[in-house]
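I have placed the structure first, in the form of C-alpha cells, so that the comments after it can refer back to it.
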Amino acid sequence: MKGYTLIEEKYVAEIRSTAYIYRHDKTGANVLYLYNPDDDNKVFCISFCTPPEDNCGTPHILEHTVLCGSDRFPLKDPFMQLGKGSLNTFLNAMTYPDKTMYPVASQNDKDFMTLMDVYLDAVFHPFIKHSKKPLMQEGWH
C-alpha cells in the first residue's frame, strides 16, 4: 500500500483472518487491517489514546462533543441522522480509561464509505473549532 510500511503479517486462527499491521509513513499512525474473505461486514474504527489528567471526564465529554457535528456536516447530531437512513450494522463511540474509539460497520459498500467519511470529518474537523456551544452543552449534560 502506497504511503504505508508493512510491519507485521499474521494469520489469526480464532477469527479466521489475516492481520496486517501497517505504519503510515507520513504520520507514524498504526493501522490494523484484518482480511477475512468469508465476512461481509466492513468495519472501520479510528482510535486515540486519551489518558485523563484527572477524574472530571474530559475524554468522555470530548467524545460526545466530537459527535456534535463537523466542518462538512454541521448538524447538531449527524450520527443520529445517519443512523436513521443507514444500513449500518454498528455505529457508536466509546471512551475507555485510556482511549477513545469511534467504530462503524456496514455490509453495504456505499453506506460504509459514507459512514467512514462522516466519522473521519468528525474526529479531524469537529465543529468545536468554530463554537464552544457543543462543548459547554456536553460538559453540562
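Here's how to read the names in the C-alpha cells: chain A, B, ... by the order shown, residue numbers from 1 in each chain, ligand numbers from 1 in the order shown.
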
Segment 56-63 of chain A surroundings by only C-alpha atoms, 12 Å radius, close-in-sequence under 4 positions cut, as a PyMOL selection string: chain A and resi 47-52+67-69+92-102+119+122-123+126-128+132+134-141

DSSP on the backbone: which residues in segment 46-116 of chain A end up as strand (DSSP E or B)? Give the answer as a PyMOL selection string. chain A and resi 46-49+70+88-91+94-95+99-106

Would you mind exporting the chosen residues as an mmCIF file, in the first residue's frame, restricted to N, CA, C and O atoms?
data_model
loop_
_atom_site.group_PDB
_atom_site.id
_atom_site.type_symbol
_atom_site.label_atom_id
_atom_site.label_comp_id
_atom_site.auth_asym_id
_atom_site.auth_seq_id
_atom_site.Cartn_x
_atom_site.Cartn_y
_atom_site.Cartn_z
ATOM 1 N N ILE A 46 -11.537 4.384 14.216
ATOM 2 C CA ILE A 46 -10.417 5.277 14.467
ATOM 3 C C ILE A 46 -10.349 5.462 15.980
ATOM 4 O O ILE A 46 -11.370 5.678 16.640
ATOM 5 N N SER A 47 -9.152 5.294 16.531
ATOM 6 C CA SER A 47 -8.975 5.319 17.989
ATOM 7 C C SER A 47 -7.828 6.241 18.359
ATOM 8 O O SER A 47 -6.857 6.353 17.615
ATOM 9 N N PHE A 48 -7.965 6.849 19.522
ATOM 10 C CA PHE A 48 -6.947 7.763 20.018
ATOM 11 C C PHE A 48 -6.633 7.442 21.474
ATOM 12 O O PHE A 48 -7.533 7.097 22.240
ATOM 13 N N CYS A 49 -5.381 7.572 21.852
ATOM 14 C CA CYS A 49 -5.011 7.490 23.262
ATOM 15 C C CYS A 49 -5.503 8.772 23.919
ATOM 16 O O CYS A 49 -5.177 9.872 23.465
ATOM 17 N N SER A 70 -19.446 18.611 12.402
ATOM 18 C CA SER A 70 -18.093 18.843 11.897
ATOM 19 C C SER A 70 -18.131 19.885 10.792
ATOM 20 O O SER A 70 -19.202 20.386 10.429
ATOM 21 N N ASN A 88 -26.193 0.498 8.487
ATOM 22 C CA ASN A 88 -25.109 0.110 9.379
ATOM 23 C C ASN A 88 -25.490 -1.088 10.248
ATOM 24 O O ASN A 88 -26.642 -1.268 10.616
ATOM 25 N N THR A 89 -24.471 -1.881 10.558
ATOM 26 C CA THR A 89 -24.650 -2.978 11.497
ATOM 27 C C THR A 89 -24.078 -2.597 12.864
ATOM 28 O O THR A 89 -24.332 -3.275 13.850
ATOM 29 N N PHE A 90 -23.318 -1.490 12.901
ATOM 30 C CA PHE A 90 -22.821 -0.962 14.169
ATOM 31 C C PHE A 90 -22.409 0.482 13.964
ATOM 32 O O PHE A 90 -21.756 0.821 12.984
ATOM 33 N N LEU A 91 -22.774 1.341 14.895
ATOM 34 C CA LEU A 91 -22.465 2.764 14.817
ATOM 35 C C LEU A 91 -22.447 3.291 16.245
ATOM 36 O O LEU A 91 -23.474 3.283 16.913
ATOM 37 N N MET A 94 -16.972 5.135 21.930
ATOM 38 C CA MET A 94 -16.749 4.624 23.276
ATOM 39 C C MET A 94 -15.518 5.262 23.900
ATOM 40 O O MET A 94 -14.516 5.442 23.210
ATOM 41 N N THR A 95 -15.621 5.582 25.162
ATOM 42 C CA THR A 95 -14.479 6.087 25.911
ATOM 43 C C THR A 95 -14.101 5.057 26.956
ATOM 44 O O THR A 95 -14.950 4.592 27.724
ATOM 45 N N LYS A 99 -8.375 5.396 26.274
ATOM 46 C CA LYS A 99 -8.537 5.604 24.836
ATOM 47 C C LYS A 99 -9.981 5.931 24.502
ATOM 48 O O LYS A 99 -10.891 5.646 25.273
ATOM 49 N N THR A 100 -10.160 6.527 23.317
ATOM 50 C CA THR A 100 -11.487 6.813 22.794
ATOM 51 C C THR A 100 -11.556 6.214 21.401
ATOM 52 O O THR A 100 -10.630 6.371 20.605
ATOM 53 N N MET A 101 -12.674 5.515 21.122
ATOM 54 C CA MET A 101 -12.823 4.799 19.861
ATOM 55 C C MET A 101 -14.114 5.221 19.158
ATOM 56 O O MET A 101 -15.128 5.439 19.812
ATOM 57 N N TYR A 102 -14.032 5.287 17.840
ATOM 58 C CA TYR A 102 -15.180 5.619 17.006
ATOM 59 C C TYR A 102 -15.341 4.514 15.952
ATOM 60 O O TYR A 102 -14.847 4.640 14.832
ATOM 61 N N PRO A 103 -16.025 3.395 16.295
ATOM 62 C CA PRO A 103 -16.185 2.294 15.344
ATOM 63 C C PRO A 103 -17.486 2.382 14.548
ATOM 64 O O PRO A 103 -18.483 2.939 15.011
ATOM 65 N N VAL A 104 -17.454 1.805 13.354
ATOM 66 C CA VAL A 104 -18.617 1.759 12.480
ATOM 67 C C VAL A 104 -18.516 0.508 11.617
ATOM 68 O O VAL A 104 -17.418 0.069 11.280
ATOM 69 N N ALA A 105 -19.665 -0.083 11.281
ATOM 70 C CA ALA A 105 -19.678 -1.263 10.416
ATOM 71 C C ALA A 105 -20.924 -1.258 9.547
ATOM 72 O O ALA A 105 -21.984 -0.778 9.959
ATOM 73 N N SER A 106 -20.767 -1.802 8.345
ATOM 74 C CA SER A 106 -21.886 -1.962 7.425
ATOM 75 C C SER A 106 -21.522 -3.048 6.426
ATOM 76 O O SER A 106 -20.345 -3.268 6.138
#

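Note that the spacing between atom CA of Val31 of chain A and atom CA of Met113 of chain A amounts to 17.3 Å.
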
Name the residues in contact with Lys2 of chain A at a cut-off of 12 Å, using only C-alpha atoms, excluding same-chain residues fewer than 6 positions from it; report them as a PyMOL selection string. chain A and resi 22-26

Next, the residues of the selection above should be written as a compact mmCIF listing (two decimals), in the first residue's frame with N, CA, C and O atoms.
# COMPACT_ATOMS: atom_id res chain seq x y z
N TYR A 22 0.27 -2.03 9.64
CA TYR A 22 0.99 -1.05 8.82
C TYR A 22 1.31 0.18 9.66
O TYR A 22 0.64 0.47 10.64
N ARG A 23 2.32 0.91 9.23
CA ARG A 23 2.61 2.22 9.80
C ARG A 23 2.50 3.23 8.67
O ARG A 23 3.10 3.05 7.60
N HIS A 24 1.72 4.29 8.91
CA HIS A 24 1.58 5.35 7.92
C HIS A 24 2.89 6.12 7.87
O HIS A 24 3.38 6.61 8.90
N ASP A 25 3.51 6.18 6.69
CA ASP A 25 4.84 6.76 6.55
C ASP A 25 4.90 8.23 6.98
O ASP A 25 5.86 8.65 7.63
N LYS A 26 3.90 9.01 6.65
CA LYS A 26 3.93 10.45 6.92
C LYS A 26 3.66 10.78 8.39
O LYS A 26 4.32 11.64 8.97

Please provide as a ChimeraX atom specification all residues within 7 Å of Leu32 of chain A, with the sequence filter that same-chain residues fewer than 4 positions apart are discarded (counting only C-alpha atoms). /A:19-22

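Distance annotation: of A:Tyr33, A:Leu82, A:Leu120, A:Leu87, the residue with the minimal separation from Tyr11 of chain A is A:Tyr33; atom set is only C-alpha atoms.
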
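Between atom CA of His125 of chain A and atom CA of Asp111 of chain A the separation is 20.7 Å.
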
Test item, alpha helix (DSSP H) assignment across segment 21-133 of chain A, answer as a VMD selection string: chain A and resid 58 to 66 78 to 85 109 to 124 133
